[in-house]
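A.B. asks: start_11.cif (mmCIF, C-alpha atoms) pasted underneath:
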```
data_entry
#
loop_
_atom_site.group_PDB
_atom_site.id
_atom_site.type_symbol
_atom_site.label_atom_id
_atom_site.label_comp_id
_atom_site.auth_asym_id
_atom_site.auth_seq_id
_atom_site.Cartn_x
_atom_site.Cartn_y
_atom_site.Cartn_z
ATOM 1 C CA MET E 16 48.778 -84.824 -155.248
ATOM 2 C CA THR E 17 52.314 -83.789 -156.078
ATOM 3 C CA GLY E 18 53.084 -85.715 -159.259
ATOM 4 C CA ALA E 19 52.843 -89.105 -157.545
ATOM 5 C CA LYS E 20 51.943 -91.981 -159.832
ATOM 6 C CA VAL E 21 51.431 -94.544 -157.074
ATOM 7 C CA LEU E 22 49.575 -94.206 -153.783
ATOM 8 C CA VAL E 23 50.275 -96.723 -151.016
ATOM 9 C CA ALA E 24 47.680 -96.439 -148.250
ATOM 10 C CA GLY E 25 47.665 -98.245 -144.920
ATOM 11 C CA VAL E 26 44.099 -98.959 -143.825
ATOM 12 C CA GLY E 27 42.908 -100.202 -140.443
ATOM 13 C CA ASN E 28 42.127 -99.576 -136.816
ATOM 14 C CA ILE E 29 45.114 -99.926 -134.488
ATOM 15 C CA PHE E 30 42.734 -100.402 -131.527
ATOM 16 C CA LEU E 31 41.387 -103.689 -132.974
ATOM 17 C CA GLY E 32 44.430 -105.963 -132.873
ATOM 18 C CA ASP E 33 45.365 -107.280 -136.305
ATOM 19 C CA ASP E 34 43.190 -104.674 -138.023
ATOM 20 C CA GLY E 35 46.210 -102.407 -137.493
ATOM 21 C CA PHE E 36 48.203 -104.479 -140.040
ATOM 22 C CA GLY E 37 47.950 -101.885 -142.841
ATOM 23 C CA VAL E 38 48.980 -99.030 -140.577
ATOM 24 C CA GLU E 39 52.003 -100.944 -139.247
ATOM 25 C CA THR E 40 53.037 -102.039 -142.737
ATOM 26 C CA VAL E 41 53.107 -98.475 -144.122
ATOM 27 C CA ARG E 42 54.923 -97.308 -140.988
ATOM 28 C CA ARG E 43 57.691 -99.815 -141.711
ATOM 29 C CA LEU E 44 57.557 -99.093 -145.437
ATOM 30 C CA SER E 45 58.275 -95.429 -144.693
ATOM 31 C CA ALA E 46 61.744 -96.470 -143.480
ATOM 32 C CA HIS E 47 62.619 -97.626 -147.024
ATOM 33 C CA PRO E 48 63.822 -95.263 -149.722
ATOM 34 C CA LEU E 49 61.061 -94.944 -152.302
ATOM 35 C CA PRO E 50 61.324 -93.713 -155.880
ATOM 36 C CA ASP E 51 59.907 -90.396 -157.003
ATOM 37 C CA GLY E 52 56.244 -90.700 -157.861
ATOM 38 C CA VAL E 53 55.308 -92.821 -154.825
ATOM 39 C CA GLU E 54 53.282 -91.454 -151.921
ATOM 40 C CA VAL E 55 52.807 -93.499 -148.725
ATOM 41 C CA VAL E 56 50.020 -92.547 -146.309
ATOM 42 C CA ASP E 57 48.469 -93.933 -143.143
ATOM 43 C CA VAL E 58 44.724 -93.443 -143.593
ATOM 44 C CA GLY E 59 43.749 -95.607 -140.647
ATOM 45 C CA VAL E 60 39.955 -95.598 -140.395
ATOM 46 C CA ARG E 61 39.437 -92.531 -142.590
ATOM 47 C CA GLY E 62 37.790 -94.382 -145.488
ATOM 48 C CA VAL E 63 36.020 -91.371 -146.975
ATOM 49 C CA ASP E 64 39.300 -89.428 -146.937
ATOM 50 C CA LEU E 65 40.930 -92.323 -148.784
ATOM 51 C CA ALA E 66 38.120 -92.412 -151.362
ATOM 52 C CA TYR E 67 38.624 -88.727 -152.177
ATOM 53 C CA ARG E 68 42.407 -89.132 -152.203
ATOM 54 C CA LEU E 69 42.080 -91.952 -154.751
ATOM 55 C CA LEU E 70 40.530 -89.423 -157.154
ATOM 56 C CA ASP E 71 43.668 -87.255 -157.190
ATOM 57 C CA GLY E 72 45.087 -88.705 -160.404
ATOM 58 C CA TYR E 73 47.132 -91.681 -159.203
ATOM 59 C CA ARG E 74 47.780 -94.282 -161.872
ATOM 60 C CA THR E 75 47.992 -97.127 -159.332
ATOM 61 C CA ALA E 76 46.830 -97.489 -155.742
ATOM 62 C CA VAL E 77 48.098 -100.137 -153.330
ATOM 63 C CA LEU E 78 45.840 -100.516 -150.306
ATOM 64 C CA VAL E 79 47.246 -102.417 -147.322
ATOM 65 C CA ASP E 80 44.724 -103.927 -144.908
ATOM 66 C CA ALA E 81 43.741 -106.967 -142.848
ATOM 67 C CA THR E 82 41.851 -109.233 -145.243
ATOM 68 C CA CYS E 83 39.784 -112.272 -144.276
ATOM 69 C CA ARG E 84 40.032 -114.934 -146.969
ATOM 70 C CA GLY E 85 40.098 -118.103 -144.895
ATOM 71 C CA GLY E 86 43.850 -118.724 -144.864
ATOM 72 C CA ALA E 87 46.125 -119.250 -141.920
ATOM 73 C CA PRO E 88 46.695 -116.131 -139.779
ATOM 74 C CA GLY E 89 49.654 -114.195 -141.161
ATOM 75 C CA THR E 90 49.071 -115.253 -144.786
ATOM 76 C CA VAL E 91 49.862 -112.321 -147.083
ATOM 77 C CA TYR E 92 47.716 -111.838 -150.189
ATOM 78 C CA LEU E 93 48.193 -109.686 -153.270
ATOM 79 C CA ILE E 94 44.806 -109.038 -154.829
ATOM 80 C CA GLU E 95 43.954 -107.082 -157.954
ATOM 81 C CA ALA E 96 40.762 -105.329 -156.894
ATOM 82 C CA ALA E 97 37.702 -105.437 -159.114
ATOM 83 C CA ALA E 98 37.262 -102.357 -161.261
ATOM 84 C CA GLU E 99 33.529 -102.206 -160.570
ATOM 85 C CA PRO E 100 31.985 -102.632 -157.121
ATOM 86 C CA LEU E 101 30.114 -105.900 -156.683
ATOM 87 C CA GLU E 102 27.580 -104.364 -154.304
ATOM 88 C CA VAL E 103 26.531 -100.996 -152.979
ATOM 89 C CA PRO E 104 28.802 -100.161 -150.038
ATOM 90 C CA VAL E 105 27.469 -99.647 -146.543
ATOM 91 C CA LEU E 106 28.766 -96.303 -145.334
ATOM 92 C CA ASP E 107 30.259 -96.566 -141.873
ATOM 93 C CA GLY E 108 33.012 -94.078 -141.169
ATOM 94 C CA HIS E 109 34.818 -96.496 -138.851
ATOM 95 C CA ARG E 110 34.559 -99.706 -140.877
ATOM 96 C CA MET E 111 35.114 -98.755 -144.480
ATOM 97 C CA GLY E 112 37.340 -101.432 -145.926
ATOM 98 C CA PRO E 113 38.746 -101.370 -149.451
ATOM 99 C CA ASP E 114 35.503 -102.714 -150.989
ATOM 100 C CA ALA E 115 33.420 -99.880 -149.547
ATOM 101 C CA VAL E 116 36.010 -97.270 -150.521
ATOM 102 C CA LEU E 117 36.222 -98.572 -154.084
ATOM 103 C CA GLY E 118 32.436 -98.738 -154.249
ATOM 104 C CA LEU E 119 32.278 -94.990 -153.627
ATOM 105 C CA LEU E 120 34.702 -93.999 -156.375
ATOM 106 C CA ALA E 121 32.285 -93.830 -159.318
ATOM 107 C CA THR E 122 29.835 -91.681 -157.362
ATOM 108 C CA LEU E 123 32.545 -89.370 -156.027
ATOM 109 C CA ALA E 124 34.223 -89.110 -159.451
ATOM 110 C CA ALA E 125 30.940 -88.068 -161.043
ATOM 111 C CA GLY E 126 30.444 -85.371 -158.416
ATOM 112 C CA THR E 127 34.006 -84.045 -158.339
ATOM 113 C CA GLY E 128 35.372 -84.691 -161.807
ATOM 114 C CA GLY E 129 38.215 -86.653 -160.214
ATOM 115 C CA GLN E 130 39.828 -89.640 -161.882
ATOM 116 C CA PRO E 131 40.139 -92.965 -160.029
ATOM 117 C CA PRO E 132 43.313 -95.039 -160.419
ATOM 118 C CA ALA E 133 43.508 -97.294 -163.461
ATOM 119 C CA ARG E 134 44.688 -100.113 -161.206
ATOM 120 C CA VAL E 135 44.058 -100.925 -157.552
ATOM 121 C CA LEU E 136 45.935 -103.625 -155.675
ATOM 122 C CA VAL E 137 45.274 -104.804 -152.143
ATOM 123 C CA VAL E 138 48.081 -106.251 -150.046
ATOM 124 C CA GLY E 139 46.155 -108.078 -147.368
ATOM 125 C CA CYS E 140 46.998 -110.235 -144.395
ATOM 126 C CA GLU E 141 44.831 -112.890 -142.796
ATOM 127 C CA PRO E 142 44.179 -111.722 -139.219
ATOM 128 C CA ALA E 143 44.285 -113.926 -136.126
ATOM 129 C CA SER E 144 42.304 -111.533 -133.917
ATOM 130 C CA LEU E 145 40.252 -108.401 -134.456
ATOM 131 C CA GLU E 146 39.317 -108.032 -130.813
ATOM 132 C CA GLU E 147 39.818 -104.764 -128.971
ATOM 133 C CA GLY E 148 43.437 -104.261 -128.060
ATOM 134 C CA ILE E 149 46.569 -102.592 -129.354
ATOM 135 C CA GLY E 150 49.217 -104.648 -131.100
ATOM 136 C CA LEU E 151 49.404 -107.303 -133.775
ATOM 137 C CA SER E 152 49.255 -111.033 -133.057
ATOM 138 C CA ALA E 153 52.527 -112.941 -133.492
ATOM 139 C CA PRO E 154 51.708 -114.398 -136.954
ATOM 140 C CA VAL E 155 50.511 -111.053 -138.329
ATOM 141 C CA ALA E 156 53.466 -109.149 -136.856
ATOM 142 C CA ALA E 157 55.782 -111.679 -138.513
ATOM 143 C CA ALA E 158 53.999 -111.133 -141.852
ATOM 144 C CA VAL E 159 54.650 -107.368 -141.950
ATOM 145 C CA ALA E 160 58.146 -107.796 -143.455
ATOM 146 C CA GLU E 161 56.727 -109.956 -146.275
ATOM 147 C CA ALA E 162 53.975 -107.384 -146.849
ATOM 148 C CA VAL E 163 56.567 -104.594 -147.121
ATOM 149 C CA ARG E 164 58.438 -106.648 -149.750
ATOM 150 C CA THR E 165 55.173 -107.309 -151.603
ATOM 151 C CA VAL E 166 54.297 -103.599 -151.624
ATOM 152 C CA LEU E 167 57.783 -102.673 -152.864
ATOM 153 C CA GLU E 168 57.467 -105.216 -155.709
ATOM 154 C CA ALA E 169 54.004 -103.899 -156.627
ATOM 155 C CA VAL E 170 55.297 -100.309 -156.636
ATOM 156 C CA GLU E 171 58.258 -101.256 -158.824
ATOM 157 C CA GLU E 172 55.925 -102.990 -161.285
ATOM 158 C CA ALA E 173 53.515 -100.040 -161.341
ATOM 159 C CA LEU E 174 56.303 -97.555 -162.057
ATOM 160 C CA ARG E 175 57.720 -99.806 -164.763
ATOM 161 C CA GLU E 176 54.280 -100.026 -166.394
ATOM 162 C CA ALA E 177 53.804 -96.264 -166.130
ATOM 163 C CA ALA E 178 57.116 -95.711 -167.924
ATOM 164 C CA SER E 179 56.253 -98.165 -170.694
ATOM 165 C CA PRO E 180 54.708 -96.486 -173.756
ATOM 166 C CA SER E 181 52.454 -99.513 -174.262
ATOM 167 C CA GLY E 182 51.254 -99.669 -170.632
ATOM 168 C CA PRO E 183 50.875 -102.985 -168.812
ATOM 169 C CA GLN E 184 52.707 -105.887 -170.364
ATOM 170 C CA PRO E 185 51.015 -109.250 -171.086
ATOM 171 C CA GLU E 186 53.219 -111.147 -168.605
ATOM 172 C CA ARG E 187 52.340 -109.780 -165.182
ATOM 173 C CA THR E 188 53.667 -110.389 -161.701
ATOM 174 C CA ARG E 189 52.073 -112.187 -158.797
ATOM 175 C CA ALA E 190 49.147 -109.714 -158.725
ATOM 176 C CA GLU E 191 47.887 -110.964 -162.067
ATOM 177 C CA ARG E 192 48.387 -114.611 -161.192
ATOM 178 C CA THR E 193 46.486 -114.349 -157.900
ATOM 179 C CA ARG E 194 43.391 -112.551 -159.054
ATOM 180 C CA ALA E 195 41.067 -115.564 -159.237
ATOM 181 C CA GLU E 196 39.085 -114.004 -156.402
ATOM 182 C CA ARG E 197 39.049 -110.303 -157.192
ATOM 183 C CA ARG E 198 37.506 -108.793 -154.109
ATOM 184 C CA THR E 199 38.540 -108.425 -150.544
ATOM 185 C CA THR E 200 36.351 -109.709 -147.771
ATOM 186 C CA PRO E 201 35.751 -107.376 -144.852
ATOM 187 C CA CYS E 202 36.771 -109.035 -141.621
#
```
Please render this file's structure as structure tokens.
C.D. replies:
Amino acid sequence: MTGAKVLVAGVGNIFLGDDGFGVETVRRLSAHPLPDGVEVVDVGVRGVDLAYRLLDGYRTAVLVDATCRGGAPGTVYLIEAAAEPLEVPVLDGHRMGPDAVLGLLATLAAGTGGQPPARVLVVGCEPASLEEGIGLSAPVAAAVAEAVRTVLEAVEEALREAASPSGPQPERTRAERTRAERRTTPC
């Protein structure tokens, strides 16, 4: 890591339709000027790589992925991920969603001495189709612009909190208000 305080990682498989949402969102996000201290990466299906990268001293991580929560296709979610895994992750190099990656962090940190982020957010989008095929469905493609805005807001908040001597403030943004369900659901 090169002094970055925030990692934004696009997760997903571009060969499975809407599962490519995270990858497309970070591609579009890369066209925006970003402040110092923010690193944007396309991790695709490289979940283990992402798990190790999360131990590189980032204060906040924003993971962008297709997320099944039962809403209408194209619904964008901002989820504050649970600090502790709710179950032992199943290791599958091609289907490691945010839950599995976060579930590995404690084990990897113990073995490497790395430090996981203090805060992990997931910007998710309800998929319409995860069938084989390249390209996003119409509702998910239309949601990418909203997801980019949501990521930019989350990054701005994270940098503001990092600059504050007292850390996170009591009044939080949409991430805090939408954390009733704190885990993502693999699609």
A.B. asks: Suppose you want the space between atom CA of Val55 of chain E and atom CA of Val163 of chain E; what is it in Å?
C.D. replies: 11.8 Å
A.B. asks: Can you list, as a ChimeraX atom specification, the residues that the PyMOL selection byres ((chain E and resi 24-36) around 7) selects here?
C.D. replies: /E:22-23,37-41,55-60,77-81,142-152,155
A.B. asks: Could you check the closest approach to Pro131 of chain E for each of E:Pro50, E:Gly86, E:Gly72, E:Gly62 and tell me which residue wins, using only C-alpha atoms?
C.D. replies: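 Distance minimum relative to Pro131 of chain E lands on E:Gly72.
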A.B. asks: Show which residues sit within 9 Å of Thr165 of chain E, as a ChimeraX atom specification. Count all atoms listed in the file, and ignore same-chain residues fewer than 4 positions away.
C.D. replies: /E:91-93,138,160-161,169-170
A.B. asks: On this structure, the PyMOL selection byres ((chain E and resi 140) around 6) would catch which residues? List them as a PyMOL selection string, sorted by chain and number.
C.D. replies: chain E and resi 81-82+89-91+139+141
A.B. asks: Between E:Glu176, E:Val159, E:Gly85, E:Glu171, which is the closest to Arg42 of chain E once you count only C-alpha atoms?
C.D. replies: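 Result for the nearest residue to Arg42 of chain E: E:Val159.
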A.B. asks: What separation in Å, quoted to one decimal, exists between atom CA of Leu136 of chain E and atom CA of Ala157 of chain E?
C.D. replies: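 Between these atoms lies a distance of 21.4 Å.
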A.B. asks: Mind working out the centre and edge lengths of an axis-aligned box for segment 70-77 of chain E, all listed atoms inside, 5 Å added to each side, rounded to one decimal in Å and written as AutoDock Vina command-line options?
C.D. replies:
```
--center_x 44.3 --center_y -93.7 --center_z -157.6 --size_x 17.6 --size_y 22.9 --size_z 18.5
```
A.B. asks: What gap, in Å, lies between atom CA of Gln130 of chain E and atom CA of Ala173 of chain E?
C.D. replies: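 Computed distance, atom CA of Gln130 of chain E to atom CA of Ala173 of chain E, equals 17.2 Å.
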A.B. asks: Find the residue from E:Leu70, E:Leu49, E:Ala96, E:Val21 that sits nearest to Gly128 of chain E; use only C-alpha atoms when measuring.
C.D. replies: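 Smallest separation from Gly128 of chain E among the options: E:Leu70.
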A.B. asks: Which one of E:Glu54, E:Thr127, E:Ala87, E:Glu95 sits closest to Tyr67 of chain E if you count only C-alpha atoms?
C.D. replies: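 Ranking E:Glu54, E:Thr127, E:Ala87, E:Glu95 by distance to Tyr67 of chain E, first place goes to E:Thr127.
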